[in-house]
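Trainee: You'll find my_file.cif just under this line, and it carries mmCIF, C-alpha atoms.
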```
data_final
#
loop_
_atom_site.label_atom_id
_atom_site.label_comp_id
_atom_site.auth_asym_id
_atom_site.auth_seq_id
_atom_site.Cartn_x
_atom_site.Cartn_y
_atom_site.Cartn_z
CA MET A 740 -57.75 -27.36 25.12
CA ALA A 741 -54.81 -25.66 23.48
CA SER A 742 -54.91 -25.31 19.75
CA THR A 743 -51.80 -25.53 17.62
CA ASN A 744 -51.28 -23.73 14.34
CA LYS A 745 -49.64 -25.89 11.73
CA CYS A 746 -48.35 -24.70 8.39
CA ILE A 747 -50.05 -26.76 5.72
CA ARG A 748 -48.25 -26.95 2.40
CA VAL A 749 -50.47 -27.03 -0.63
CA PRO A 750 -48.92 -29.17 -3.36
CA LEU A 751 -48.26 -27.35 -6.60
CA SER A 752 -50.25 -28.34 -9.60
CA PRO A 753 -48.34 -29.75 -12.62
CA GLU A 754 -49.06 -26.54 -14.54
CA ASN A 755 -47.61 -24.35 -11.77
CA ARG A 756 -44.59 -26.65 -11.45
CA VAL A 757 -43.88 -26.41 -15.16
CA ALA A 758 -44.34 -22.63 -15.10
CA GLY A 759 -41.94 -22.32 -12.15
CA THR A 760 -39.32 -24.46 -13.87
CA ARG A 761 -39.64 -22.43 -17.04
CA LYS A 762 -39.18 -19.19 -15.10
CA HIS A 763 -36.05 -20.52 -13.37
CA LEU A 764 -34.60 -21.57 -16.74
CA GLN A 765 -35.29 -18.14 -18.19
CA ILE A 766 -33.55 -16.45 -15.27
CA ALA A 767 -30.56 -18.81 -15.56
CA LEU A 768 -30.35 -18.09 -19.30
CA GLN A 769 -30.38 -14.34 -18.69
CA TYR A 770 -27.44 -14.71 -16.34
CA ALA A 771 -25.50 -17.08 -18.59
CA ILE A 772 -26.06 -15.76 -22.10
CA VAL A 773 -23.43 -12.99 -22.05
CA PRO A 774 -20.56 -14.95 -20.39
CA LEU A 775 -21.24 -18.04 -22.54
CA THR A 776 -21.25 -15.93 -25.71
CA LEU A 777 -17.96 -14.29 -24.73
CA LEU A 778 -16.38 -17.67 -23.94
CA LEU A 779 -17.45 -19.11 -27.28
CA LEU A 780 -16.13 -16.10 -29.19
CA TRP A 781 -12.88 -16.26 -27.22
CA GLU A 782 -12.42 -19.97 -27.93
CA ALA A 783 -13.16 -19.46 -31.62
CA ALA A 784 -10.78 -16.50 -31.87
CA VAL A 785 -7.88 -18.58 -30.55
CA ARG A 786 -8.70 -21.80 -32.41
CA PHE A 787 -9.17 -20.11 -35.78
CA GLY A 788 -6.13 -17.89 -35.38
CA TRP A 789 -7.97 -14.58 -35.20
CA VAL A 790 -5.63 -13.74 -32.30
CA PRO A 791 -2.09 -15.15 -31.80
CA ASN A 792 -2.35 -18.31 -29.70
CA SER A 793 1.17 -17.64 -28.42
CA LEU A 794 -0.10 -14.48 -26.69
CA ILE A 795 -3.65 -15.44 -25.70
CA ALA A 796 -4.71 -18.82 -24.28
CA SER A 797 -8.11 -20.31 -25.08
CA PRO A 798 -10.73 -20.91 -22.36
CA SER A 799 -10.12 -24.66 -22.56
CA GLN A 800 -6.37 -24.17 -22.04
CA VAL A 801 -7.04 -21.81 -19.14
CA ALA A 802 -9.40 -24.33 -17.52
CA ILE A 803 -6.76 -27.07 -17.73
CA ARG A 804 -4.10 -24.79 -16.29
CA LEU A 805 -6.44 -23.65 -13.52
CA MET A 806 -6.94 -27.24 -12.39
CA LYS A 807 -3.18 -27.83 -12.36
CA MET A 808 -2.49 -24.67 -10.34
CA LEU A 809 -5.19 -25.58 -7.84
CA GLY A 810 -3.66 -29.03 -7.56
CA ASN A 811 -0.13 -27.82 -6.77
CA LEU A 812 -1.47 -25.02 -4.49
CA SER A 813 0.45 -22.29 -6.32
CA LEU A 814 -2.72 -20.31 -7.00
CA GLU A 815 -3.97 -20.64 -3.43
CA LYS A 816 -0.66 -19.46 -1.97
CA ASN A 817 -0.57 -16.30 -4.08
CA ALA A 818 -4.27 -15.65 -3.48
CA LEU A 819 -3.82 -15.89 0.30
CA VAL A 820 -0.91 -13.44 0.19
CA SER A 821 -3.01 -10.94 -1.77
CA LEU A 822 -6.05 -11.40 0.47
CA LYS A 823 -3.95 -10.77 3.58
CA ARG A 824 -2.59 -7.52 2.16
CA LEU A 825 -6.02 -6.43 0.96
CA SER A 826 -7.89 -7.21 4.17
CA VAL A 827 -5.38 -5.47 6.47
CA GLY A 828 -5.05 -2.41 4.25
CA PHE A 829 -8.79 -2.12 3.63
CA ALA A 830 -9.59 -2.47 7.35
CA LEU A 831 -7.03 0.17 8.37
CA GLY A 832 -8.10 2.61 5.66
CA THR A 833 -11.79 2.13 6.38
CA ALA A 834 -11.43 2.57 10.14
CA THR A 835 -9.25 5.69 9.90
CA GLY A 836 -11.37 7.17 7.11
CA ILE A 837 -14.60 6.77 9.11
CA ALA A 838 -12.96 8.13 12.26
CA ALA A 839 -11.57 11.18 10.45
CA GLY A 840 -14.87 11.74 8.66
CA VAL A 841 -16.83 11.68 11.91
CA LEU A 842 -14.37 14.05 13.55
CA VAL A 843 -14.40 16.53 10.66
CA GLY A 844 -18.14 16.24 10.05
CA ALA A 845 -19.27 16.55 13.66
CA SER A 846 -16.72 18.99 15.08
CA ARG A 847 -15.90 22.51 13.94
CA ILE A 848 -12.50 22.34 15.63
CA GLY A 849 -11.77 18.97 13.98
CA ALA A 850 -12.77 20.38 10.60
CA ARG A 851 -10.50 23.40 11.02
CA MET A 852 -7.54 21.27 12.10
CA LEU A 853 -7.82 18.36 9.65
CA GLU A 854 -9.97 19.21 6.66
CA PRO A 855 -7.67 21.67 4.84
CA THR A 856 -4.70 19.30 5.06
CA ILE A 857 -6.67 16.22 4.02
CA LEU A 858 -8.38 17.99 1.13
CA THR A 859 -4.99 19.22 -0.11
CA LEU A 860 -3.54 15.69 -0.13
CA LEU A 861 -6.61 13.85 -1.44
CA PRO A 862 -6.33 15.02 -5.09
CA ILE A 863 -3.00 13.17 -5.36
CA PRO A 864 -3.79 9.79 -6.99
CA PRO A 865 -2.96 6.88 -4.66
CA ILE A 866 -0.73 5.30 -7.32
CA ALA A 867 1.45 8.42 -7.24
CA TRP A 868 2.33 7.54 -3.64
CA ILE A 869 3.93 4.20 -4.62
CA PRO A 870 7.54 5.47 -5.02
CA LEU A 871 7.41 7.31 -1.69
CA LEU A 872 5.83 4.34 0.10
CA ILE A 873 8.52 2.01 -1.26
CA ILE A 874 11.20 4.41 0.02
CA LEU A 875 9.55 4.58 3.45
CA PHE A 876 8.45 0.95 3.90
CA GLY A 877 10.43 -1.06 1.35
CA ILE A 878 8.99 -3.54 -1.14
CA GLY A 879 7.45 -5.81 1.49
CA ASP A 880 3.86 -6.02 2.65
CA ALA A 881 3.98 -2.72 4.56
CA SER A 882 4.14 -0.52 1.45
CA LYS A 883 1.27 -2.39 -0.21
CA ILE A 884 -0.89 -2.26 2.91
CA ALA A 885 -0.16 1.47 3.24
CA LEU A 886 -1.19 2.09 -0.38
CA ILE A 887 -4.47 0.19 0.02
CA SER A 888 -5.15 2.00 3.30
CA LEU A 889 -4.59 5.34 1.61
CA GLY A 890 -7.09 4.57 -1.15
CA SER A 891 -9.71 3.30 1.29
CA PHE A 892 -9.17 6.27 3.60
CA CYS A 893 -9.86 8.80 0.83
CA THR A 894 -13.15 7.17 -0.18
CA LEU A 895 -14.47 6.62 3.34
CA PHE A 896 -13.44 10.08 4.53
CA PHE A 897 -15.50 11.79 1.85
CA SER A 898 -18.60 9.63 2.31
CA THR A 899 -18.54 9.77 6.12
CA THR A 900 -18.08 13.53 6.23
CA TYR A 901 -20.89 14.02 3.73
CA GLY A 902 -23.17 11.62 5.59
CA ILE A 903 -22.57 13.34 8.93
CA ARG A 904 -23.11 16.82 7.51
CA THR A 905 -26.33 15.87 5.71
CA ALA A 906 -27.96 14.22 8.75
CA ASP A 907 -31.63 14.94 9.44
CA ARG A 908 -31.70 18.45 10.91
CA ASN A 909 -34.94 17.78 12.78
CA LEU A 910 -33.38 14.87 14.67
CA VAL A 911 -30.33 16.95 15.55
CA GLU A 912 -32.50 19.80 16.85
CA LEU A 913 -34.59 17.33 18.84
CA ALA A 914 -31.45 15.94 20.48
CA GLN A 915 -30.37 19.46 21.36
CA VAL A 916 -33.79 20.23 22.86
CA LEU A 917 -33.53 17.05 24.95
CA ASP A 918 -30.07 18.20 26.06
CA LYS A 919 -28.26 15.12 24.73
CA ASP A 920 -24.49 15.27 24.96
CA ARG A 921 -22.13 15.23 21.97
CA ARG A 922 -21.32 11.53 22.28
CA ILE A 923 -24.98 10.47 22.11
CA LEU A 924 -25.60 12.87 19.23
CA VAL A 925 -22.79 11.31 17.21
CA LEU A 926 -23.37 7.65 18.09
CA GLU A 927 -27.18 7.60 17.98
CA ILE A 928 -28.09 10.20 15.36
CA LEU A 929 -25.25 11.38 13.12
CA LEU A 930 -23.38 8.13 12.60
CA PRO A 931 -26.48 5.90 12.04
CA GLY A 932 -27.74 8.43 9.52
CA ALA A 933 -24.45 8.19 7.63
CA ILE A 934 -24.40 4.37 7.59
CA PRO A 935 -25.97 4.01 4.08
CA ASN A 936 -23.37 6.38 2.61
CA ILE A 937 -20.56 4.62 4.45
CA LEU A 938 -21.59 1.11 3.40
CA SER A 939 -22.06 2.01 -0.26
CA SER A 940 -18.69 3.80 -0.27
CA MET A 941 -17.04 0.75 1.28
CA ARG A 942 -17.89 -1.19 -1.87
CA VAL A 943 -16.28 1.54 -3.98
CA ALA A 944 -13.25 1.54 -1.69
CA LEU A 945 -13.00 -2.24 -1.94
CA ALA A 946 -12.95 -2.12 -5.75
CA LEU A 947 -10.26 0.57 -5.60
CA SER A 948 -8.33 -1.54 -3.08
CA TRP A 949 -8.19 -4.45 -5.51
CA THR A 950 -6.85 -2.13 -8.21
CA LEU A 951 -4.19 -0.68 -5.91
CA LEU A 952 -3.25 -4.15 -4.66
CA ILE A 953 -2.60 -5.48 -8.16
CA CYS A 954 -0.70 -2.32 -9.14
CA SER A 955 1.54 -2.56 -6.10
CA GLU A 956 2.20 -6.27 -6.64
CA VAL A 957 3.03 -5.68 -10.29
CA ILE A 958 5.51 -2.89 -9.52
CA ALA A 959 7.36 -4.39 -6.55
CA SER A 960 6.61 -7.89 -5.31
CA SER A 961 7.66 -11.52 -5.48
CA SER A 962 4.30 -13.01 -4.51
CA GLY A 963 0.59 -12.37 -4.85
CA LEU A 964 -1.87 -12.46 -7.72
CA GLY A 965 -0.53 -9.25 -9.27
CA TRP A 966 2.97 -10.70 -9.29
CA LEU A 967 1.61 -13.95 -10.77
CA ILE A 968 -0.04 -12.05 -13.63
CA TRP A 969 3.02 -9.94 -14.38
CA ASP A 970 5.49 -12.81 -14.06
CA ALA A 971 3.39 -14.90 -16.45
CA ARG A 972 3.29 -12.02 -18.91
CA ASN A 973 7.09 -11.60 -18.79
CA PHE A 974 7.67 -15.29 -19.53
CA SER A 975 4.86 -15.62 -22.12
CA ARG A 976 2.67 -17.92 -20.02
CA ALA A 977 -0.67 -16.68 -21.29
CA ASP A 978 -2.66 -19.37 -19.48
CA ASP A 979 -1.10 -18.49 -16.10
CA MET A 980 -1.73 -14.80 -16.72
CA ILE A 981 -5.44 -15.34 -17.44
CA VAL A 982 -5.80 -17.73 -14.48
CA GLY A 983 -4.50 -14.95 -12.23
CA MET A 984 -6.93 -12.46 -13.76
CA ILE A 985 -9.83 -14.86 -13.26
CA ALA A 986 -8.81 -15.40 -9.63
CA VAL A 987 -8.83 -11.62 -9.04
CA GLY A 988 -12.27 -11.36 -10.64
CA ILE A 989 -13.75 -14.19 -8.57
CA LEU A 990 -12.27 -12.99 -5.29
CA GLY A 991 -13.27 -9.41 -6.04
CA LYS A 992 -16.84 -10.45 -6.76
CA ALA A 993 -16.98 -12.59 -3.60
CA SER A 994 -15.70 -9.76 -1.39
CA ASP A 995 -18.15 -7.31 -2.96
CA TRP A 996 -20.98 -9.81 -2.37
CA LEU A 997 -20.07 -10.00 1.32
CA LEU A 998 -20.17 -6.22 1.64
CA ASP A 999 -23.49 -6.10 -0.24
CA LEU A 1000 -24.88 -8.67 2.20
CA LEU A 1001 -23.65 -6.58 5.13
CA GLU A 1002 -25.26 -3.47 3.64
CA ARG A 1003 -28.60 -5.24 3.21
CA ARG A 1004 -28.58 -6.47 6.81
CA LEU A 1005 -27.65 -3.13 8.35
CA THR A 1006 -30.04 -1.07 6.21
CA ARG A 1007 -33.10 -3.33 6.20
CA TRP A 1008 -35.18 -0.32 7.22
CA ARG A 1009 -34.66 1.22 3.78
CA VAL A 1010 -37.02 0.31 0.94
CA ALA A 1011 -34.96 0.53 -2.23
CA TYR A 1012 -35.70 -0.02 -5.89
CA ARG A 1013 -33.67 -3.24 -5.87
CA GLU A 1014 -36.31 -4.86 -3.62
CA LEU A 1015 -38.87 -4.26 -6.37
CA GLN A 1016 -36.47 -5.74 -8.91
CA ASN A 1017 -35.83 -8.82 -6.77
CA GLY A 1018 -39.54 -9.25 -6.19
#
```
Would you mind writing the structure in this file as structure tokens?

Mentor:
Amino acid sequence: MASTNKCIRVPLSPENRVAGTRKHLQIALQYAIVPLTLLLLWEAAVRFGWVPNSLIASPSQVAIRLMKMLGNLSLEKNALVSLKRLSVGFALGTATGIAAGVLVGASRIGARMLEPTILTLLPIPPIAWIPLLIILFGIGDASKIALISLGSFCTLFFSTTYGIRTADRNLVELAQVLDKDRRILVLEILLPGAIPNILSSMRVALALSWTLLICSEVIASSSGLGWLIWDARNFSRADDMIVGMIAVGILGKASDWLLDLLERRLTRWRVAYRELQNG
């Protein structure tokens, strides 16, 4: 006679239920106390005239304006334009940066051919490339995508090269003893060992990409969240300006959360301090 294992749930006692609720409330308060305090101070500063209300909108005014912009789809349209530029530029820069990093890190010939040139160009701040990119690609999406790609490339190139070059020497020597070819060495030993460095650097590159996106849209654009912020500033629409800033913050946090989730899934084999914190 086959036996079946069933998971039996033990009901929580009233004391444990109250303790659990209290713990959840404490955690929620820890998350909320700083933003709520800042919002209250901001509202008071505008209402009591501590800052000019013609230059800074209060949180309540921003909330009302946010609802209106969501209703007429103006915020969504500009956000989609910015997200398109960011995603294409970030993907191109990440892919080329990882490819160049693997080539330079795993090949002496690749390092001799590429590394001196790349290291000479990398100290130039990405923003300094904006005038040249506008000359080459115009003020359309191409120049903005190229700028974001450049910033992402720099970050991923460094981290990938470092990750490849600091791979476990014992594993590399074992592969050589087993007479594994270069492709297997790179794909199964060097690149997997560099994955933690690459994923953490992707989050840095993503934050830089948002900065470069807004800069490029402020300097030369007629759409996007950066343009929305700058246009609102020029015409003294403080509520629109802050709505655009909030949209950038929310979208930036959401994109970083997705990359953090990807990092956790691909590096589950690592036991990090954050697991102790979450526990």

Trainee: Rank nothing, just name the residue among A:Ala993, A:Leu1005, A:Ala783, A:Leu777 nearest to Leu822 (chain A), using all atoms listed in the file.

Mentor: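 Under the stated criterion, the closest residue is A:Ala993.
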
Trainee: Nearest residue to Ile887 (chain A) out of A:Arg972, A:Lys762, A:Arg824, A:Arg1007, using only C-alpha atoms?

Mentor: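 The shortest atom-to-atom distance to Ile887 (chain A) comes from A:Arg824.
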
Trainee: Could you list the residues chosen by the PyMOL selection byres ((chain A and resi 894) around 8) in this structure as a ChimeraX atom specification?

Mentor: /A:836,890-893,895-898,940-941,943-944

Trainee: Determine the nearest neighbour of Asp970 (chain A) from the options A:Gly983, A:Gly988, A:Ala867, A:Leu812, counting all atoms listed in the file.

Mentor: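 When distances to Asp970 (chain A) are compared using all atoms listed in the file, the smallest one comes from A:Gly983.
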
Trainee: Under the rule that only C-alpha atoms are counted, which of A:Glu956, A:Glu1002, A:Asp978, A:Asp880 is the nearest residue to Asn792 (chain A)?

Mentor: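 Looking only at the distances to Asn792 (chain A), the closest residue turns out to be A:Asp978.
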
Trainee: Which residue out of A:Leu990, A:Ile928, A:Gly840, A:Leu814 has the minimum interatomic distance to Ile968 (chain A) when all atoms listed in the file are used?

Mentor: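 Distance minimum relative to Ile968 (chain A) lands on A:Leu814.
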
Trainee: Do you know which residues are at most 9 Å from Leu945 (chain A) counting all atoms listed in the file, after dropping those on the same chain fewer than 6 positions away, and could you put them as number ranges by chain?

Mentor: A: 825, 829, 891, 991, 994-995, 998

Trainee: Can you list, as a list in words, every protein, DNA or RNA residue that comes within 12 Å of region 876-878 of chain A when you count all atoms listed in the file, leaving out same-chain residues fewer than 3 positions away?

Mentor: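 The filter keeps Trp868, Ile869, Pro870, Leu871, Leu872, Ile873, Ala881, Ser882, Lys883, Ile884, Ala885, Leu886, Ser955, Glu956, Val957, Ile958, Ala959, Ser960, Ser961 and Ser962 of chain A.
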
Trainee: Hey, what comes out of the PyMOL selection byres ((chain A and resi 841-856) around 7) on this file? Could you write it as JSON, numbers by chain?

Mentor: {"A": [837, 838, 839, 840, 857, 858, 859, 860, 899, 900, 903, 904]}

Trainee: Box along x, y and z, 6 Å on every side, all listed atoms of region 948-966 of chain A inside: centre and edge lengths in Å to one decimal, as lines of an AutoDock Vina configuration file.

Mentor:
```
center_x = -0.3
center_y = -6.8
center_z = -6.7
size_x = 28.0
size_y = 24.3
size_z = 19.2
```

Trainee: Could you tell me how far CA of Trp969 (chain A) sits from CA of Leu889 (chain A), in Å to one decimal place?

Mentor: 23.4 Å

Trainee: Report, in Å with one decimal, the straight-line distance from CA of Trp949 (chain A) to CA of Ala830 (chain A).

Mentor: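 Distance reported for this atom pair: 13.1 Å.
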
Trainee: From the set A:Ile953, A:Ile803, A:Tyr901, A:Val790, which residue has the shortest atom-to-atom contact distance to Ala818 (chain A), counting all atoms listed in the file?

Mentor: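 Nearest candidate to Ala818 (chain A) out of A:Ile953, A:Ile803, A:Tyr901, A:Val790: A:Ile953.
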
Trainee: Any idea what the distance is between CA of Ser799 (chain A) and CA of Ala986 (chain A)?

Mentor: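 Separating CA of Ser799 (chain A) from CA of Ala986 (chain A) is a distance of 16.0 Å.
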
Trainee: Would you kindly return, as a VMD selection string, each protein, DNA or RNA residue with an atom no farther than 9 Å from any atom of region 807-809 of chain A, considering all atoms listed in the file and excluding same-chain residues fewer than 5 positions away?

Mentor: chain A and resid 802 814 to 815 979 982

Trainee: Using C-alpha atoms, can you write the selected residues to a file as a PDB file, keeping the file's coordinate frame?

Mentor:
```pdb
ATOM      1  CA  ALA A 802      -9.400 -24.330 -17.520  1.00  0.00           C
ATOM      2  CA  LEU A 814      -2.720 -20.310  -7.000  1.00  0.00           C
ATOM      3  CA  GLU A 815      -3.970 -20.640  -3.430  1.00  0.00           C
ATOM      4  CA  ASP A 979      -1.100 -18.490 -16.100  1.00  0.00           C
ATOM      5  CA  VAL A 982      -5.800 -17.730 -14.480  1.00  0.00           C
TER       6      VAL A 982
END
```

Trainee: Name the residues in contact with Ser793 (chain A) at a cut-off of 12 Å, using all atoms listed in the file, excluding same-chain residues fewer than 4 positions from it; report them as a list of chain:residue names.

Mentor: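 Surrounding residues, per the criterion: A:Val785, A:Arg786, A:Gly788, A:Trp789, A:Ser797, A:Gln800, A:Arg972, A:Phe974, A:Ser975, A:Arg976, A:Ala977, A:Asp978.
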
Trainee: Could the residues in this selection be written to a file with C-alpha atoms, as a compact mmCIF listing (two decimals), keeping the file's coordinate frame?

Mentor:
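Resulting contents of again_3.txt:
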```
# COMPACT_ATOMS: atom_id res chain seq x y z
CA VAL A 785 -7.88 -18.58 -30.55
CA ARG A 786 -8.70 -21.80 -32.41
CA GLY A 788 -6.13 -17.89 -35.38
CA TRP A 789 -7.97 -14.58 -35.20
CA SER A 797 -8.11 -20.31 -25.08
CA GLN A 800 -6.37 -24.17 -22.04
CA ARG A 972 3.29 -12.02 -18.91
CA PHE A 974 7.67 -15.29 -19.53
CA SER A 975 4.86 -15.62 -22.12
CA ARG A 976 2.67 -17.92 -20.02
CA ALA A 977 -0.67 -16.68 -21.29
CA ASP A 978 -2.66 -19.37 -19.48
```

Trainee: Working from the structure I just supplied, which lacks atoms in region 822-854 of chain A, can you model N, CA and C atoms there and output them as a PDB file, keeping the file's coordinate frame?

Mentor:
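And here is the file that came out, out.pdb:
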```
ATOM      1  N   LEU A 822      -4.910 -11.631  -0.422  1.00  0.00           N
ATOM      2  CA  LEU A 822      -6.050 -11.400   0.470  1.00  0.00           C
ATOM      3  C   LEU A 822      -5.610 -10.846   1.812  1.00  0.00           C
ATOM      4  N   LYS A 823      -4.475 -11.298   2.315  1.00  0.00           N
ATOM      5  CA  LYS A 823      -3.950 -10.770   3.580  1.00  0.00           C
ATOM      6  C   LYS A 823      -3.633  -9.289   3.439  1.00  0.00           C
ATOM      7  N   ARG A 824      -2.927  -8.915   2.383  1.00  0.00           N
ATOM      8  CA  ARG A 824      -2.590  -7.520   2.160  1.00  0.00           C
ATOM      9  C   ARG A 824      -3.850  -6.673   1.991  1.00  0.00           C
ATOM     10  N   LEU A 825      -4.787  -7.177   1.222  1.00  0.00           N
ATOM     11  CA  LEU A 825      -6.020  -6.430   0.960  1.00  0.00           C
ATOM     12  C   LEU A 825      -6.830  -6.231   2.231  1.00  0.00           C
ATOM     13  N   SER A 826      -7.038  -7.301   2.989  1.00  0.00           N
ATOM     14  CA  SER A 826      -7.890  -7.210   4.170  1.00  0.00           C
ATOM     15  C   SER A 826      -7.314  -6.277   5.223  1.00  0.00           C
ATOM     16  N   VAL A 827      -6.000  -6.346   5.466  1.00  0.00           N
ATOM     17  CA  VAL A 827      -5.380  -5.470   6.470  1.00  0.00           C
ATOM     18  C   VAL A 827      -5.430  -4.013   6.009  1.00  0.00           C
ATOM     19  N   GLY A 828      -5.051  -3.770   4.762  1.00  0.00           N
ATOM     20  CA  GLY A 828      -5.050  -2.410   4.250  1.00  0.00           C
ATOM     21  C   GLY A 828      -6.443  -1.816   4.183  1.00  0.00           C
ATOM     22  N   PHE A 829      -7.409  -2.609   3.725  1.00  0.00           N
ATOM     23  CA  PHE A 829      -8.790  -2.120   3.630  1.00  0.00           C
ATOM     24  C   PHE A 829      -9.361  -1.826   5.013  1.00  0.00           C
ATOM     25  N   ALA A 830      -9.085  -2.691   5.985  1.00  0.00           N
ATOM     26  CA  ALA A 830      -9.590  -2.470   7.350  1.00  0.00           C
ATOM     27  C   ALA A 830      -8.994  -1.205   7.962  1.00  0.00           C
ATOM     28  N   LEU A 831      -7.681  -1.020   7.811  1.00  0.00           N
ATOM     29  CA  LEU A 831      -7.030   0.170   8.370  1.00  0.00           C
ATOM     30  C   LEU A 831      -7.555   1.446   7.706  1.00  0.00           C
ATOM     31  N   GLY A 832      -7.639   1.433   6.380  1.00  0.00           N
ATOM     32  CA  GLY A 832      -8.100   2.610   5.660  1.00  0.00           C
ATOM     33  C   GLY A 832      -9.546   2.938   5.966  1.00  0.00           C
ATOM     34  N   THR A 833     -10.382   1.909   6.078  1.00  0.00           N
ATOM     35  CA  THR A 833     -11.790   2.130   6.380  1.00  0.00           C
ATOM     36  C   THR A 833     -11.969   2.705   7.786  1.00  0.00           C
ATOM     37  N   ALA A 834     -11.291   2.108   8.759  1.00  0.00           N
ATOM     38  CA  ALA A 834     -11.430   2.570  10.140  1.00  0.00           C
ATOM     39  C   ALA A 834     -10.939   4.013  10.302  1.00  0.00           C
ATOM     40  N   THR A 835      -9.774   4.327   9.762  1.00  0.00           N
ATOM     41  CA  THR A 835      -9.250   5.690   9.900  1.00  0.00           C
ATOM     42  C   THR A 835     -10.066   6.681   9.083  1.00  0.00           C
ATOM     43  N   GLY A 836     -10.557   6.273   7.922  1.00  0.00           N
ATOM     44  CA  GLY A 836     -11.370   7.170   7.110  1.00  0.00           C
ATOM     45  C   GLY A 836     -12.685   7.515   7.780  1.00  0.00           C
ATOM     46  N   ILE A 837     -13.337   6.515   8.386  1.00  0.00           N
ATOM     47  CA  ILE A 837     -14.600   6.770   9.110  1.00  0.00           C
ATOM     48  C   ILE A 837     -14.335   7.647  10.325  1.00  0.00           C
ATOM     49  N   ALA A 838     -13.274   7.340  11.071  1.00  0.00           N
ATOM     50  CA  ALA A 838     -12.960   8.130  12.260  1.00  0.00           C
ATOM     51  C   ALA A 838     -12.679   9.591  11.903  1.00  0.00           C
ATOM     52  N   ALA A 839     -11.876   9.815  10.873  1.00  0.00           N
ATOM     53  CA  ALA A 839     -11.570  11.180  10.450  1.00  0.00           C
ATOM     54  C   ALA A 839     -12.807  11.881   9.913  1.00  0.00           C
ATOM     55  N   GLY A 840     -13.644  11.150   9.187  1.00  0.00           N
ATOM     56  CA  GLY A 840     -14.870  11.740   8.660  1.00  0.00           C
ATOM     57  C   GLY A 840     -15.829  12.158   9.744  1.00  0.00           C
ATOM     58  N   VAL A 841     -15.964  11.326  10.777  1.00  0.00           N
ATOM     59  CA  VAL A 841     -16.830  11.680  11.910  1.00  0.00           C
ATOM     60  C   VAL A 841     -16.281  12.907  12.628  1.00  0.00           C
ATOM     61  N   LEU A 842     -14.978  12.935  12.850  1.00  0.00           N
ATOM     62  CA  LEU A 842     -14.370  14.050  13.550  1.00  0.00           C
ATOM     63  C   LEU A 842     -14.538  15.360  12.784  1.00  0.00           C
ATOM     64  N   VAL A 843     -14.285  15.319  11.481  1.00  0.00           N
ATOM     65  CA  VAL A 843     -14.400  16.530  10.660  1.00  0.00           C
ATOM     66  C   VAL A 843     -15.859  16.933  10.479  1.00  0.00           C
ATOM     67  N   GLY A 844     -16.746  15.932  10.296  1.00  0.00           N
ATOM     68  CA  GLY A 844     -18.140  16.240  10.050  1.00  0.00           C
ATOM     69  C   GLY A 844     -18.893  16.717  11.272  1.00  0.00           C
ATOM     70  N   ALA A 845     -18.501  16.238  12.446  1.00  0.00           N
ATOM     71  CA  ALA A 845     -19.270  16.550  13.660  1.00  0.00           C
ATOM     72  C   ALA A 845     -18.642  17.630  14.524  1.00  0.00           C
ATOM     73  N   SER A 846     -17.411  18.029  14.223  1.00  0.00           N
ATOM     74  CA  SER A 846     -16.720  18.990  15.080  1.00  0.00           C
ATOM     75  C   SER A 846     -16.150  20.131  14.246  1.00  0.00           C
ATOM     76  N   ARG A 847     -16.462  21.353  14.635  1.00  0.00           N
ATOM     77  CA  ARG A 847     -15.900  22.510  13.940  1.00  0.00           C
ATOM     78  C   ARG A 847     -14.389  22.578  14.137  1.00  0.00           C
ATOM     79  N   ILE A 848     -13.950  22.297  15.354  1.00  0.00           N
ATOM     80  CA  ILE A 848     -12.500  22.340  15.630  1.00  0.00           C
ATOM     81  C   ILE A 848     -11.786  21.257  14.816  1.00  0.00           C
ATOM     82  N   GLY A 849     -12.365  20.035  14.779  1.00  0.00           N
ATOM     83  CA  GLY A 849     -11.770  18.970  13.980  1.00  0.00           C
ATOM     84  C   GLY A 849     -11.708  19.328  12.511  1.00  0.00           C
ATOM     85  N   ALA A 850     -12.755  19.974  12.003  1.00  0.00           N
ATOM     86  CA  ALA A 850     -12.770  20.380  10.600  1.00  0.00           C
ATOM     87  C   ALA A 850     -11.678  21.408  10.320  1.00  0.00           C
ATOM     88  N   ARG A 851     -11.516  22.372  11.235  1.00  0.00           N
ATOM     89  CA  ARG A 851     -10.500  23.400  11.020  1.00  0.00           C
ATOM     90  C   ARG A 851      -9.087  22.826  11.076  1.00  0.00           C
ATOM     91  N   MET A 852      -8.886  21.834  11.931  1.00  0.00           N
ATOM     92  CA  MET A 852      -7.540  21.270  12.100  1.00  0.00           C
ATOM     93  C   MET A 852      -7.176  20.284  10.999  1.00  0.00           C
ATOM     94  N   LEU A 853      -8.141  19.471  10.555  1.00  0.00           N
ATOM     95  CA  LEU A 853      -7.820  18.360   9.650  1.00  0.00           C
ATOM     96  C   LEU A 853      -8.246  18.574   8.207  1.00  0.00           C
ATOM     97  N   GLU A 854      -9.402  19.184   8.007  1.00  0.00           N
ATOM     98  CA  GLU A 854      -9.970  19.210   6.660  1.00  0.00           C
ATOM     99  C   GLU A 854      -9.086  19.887   5.615  1.00  0.00           C
TER     100      GLU A 854
END
```
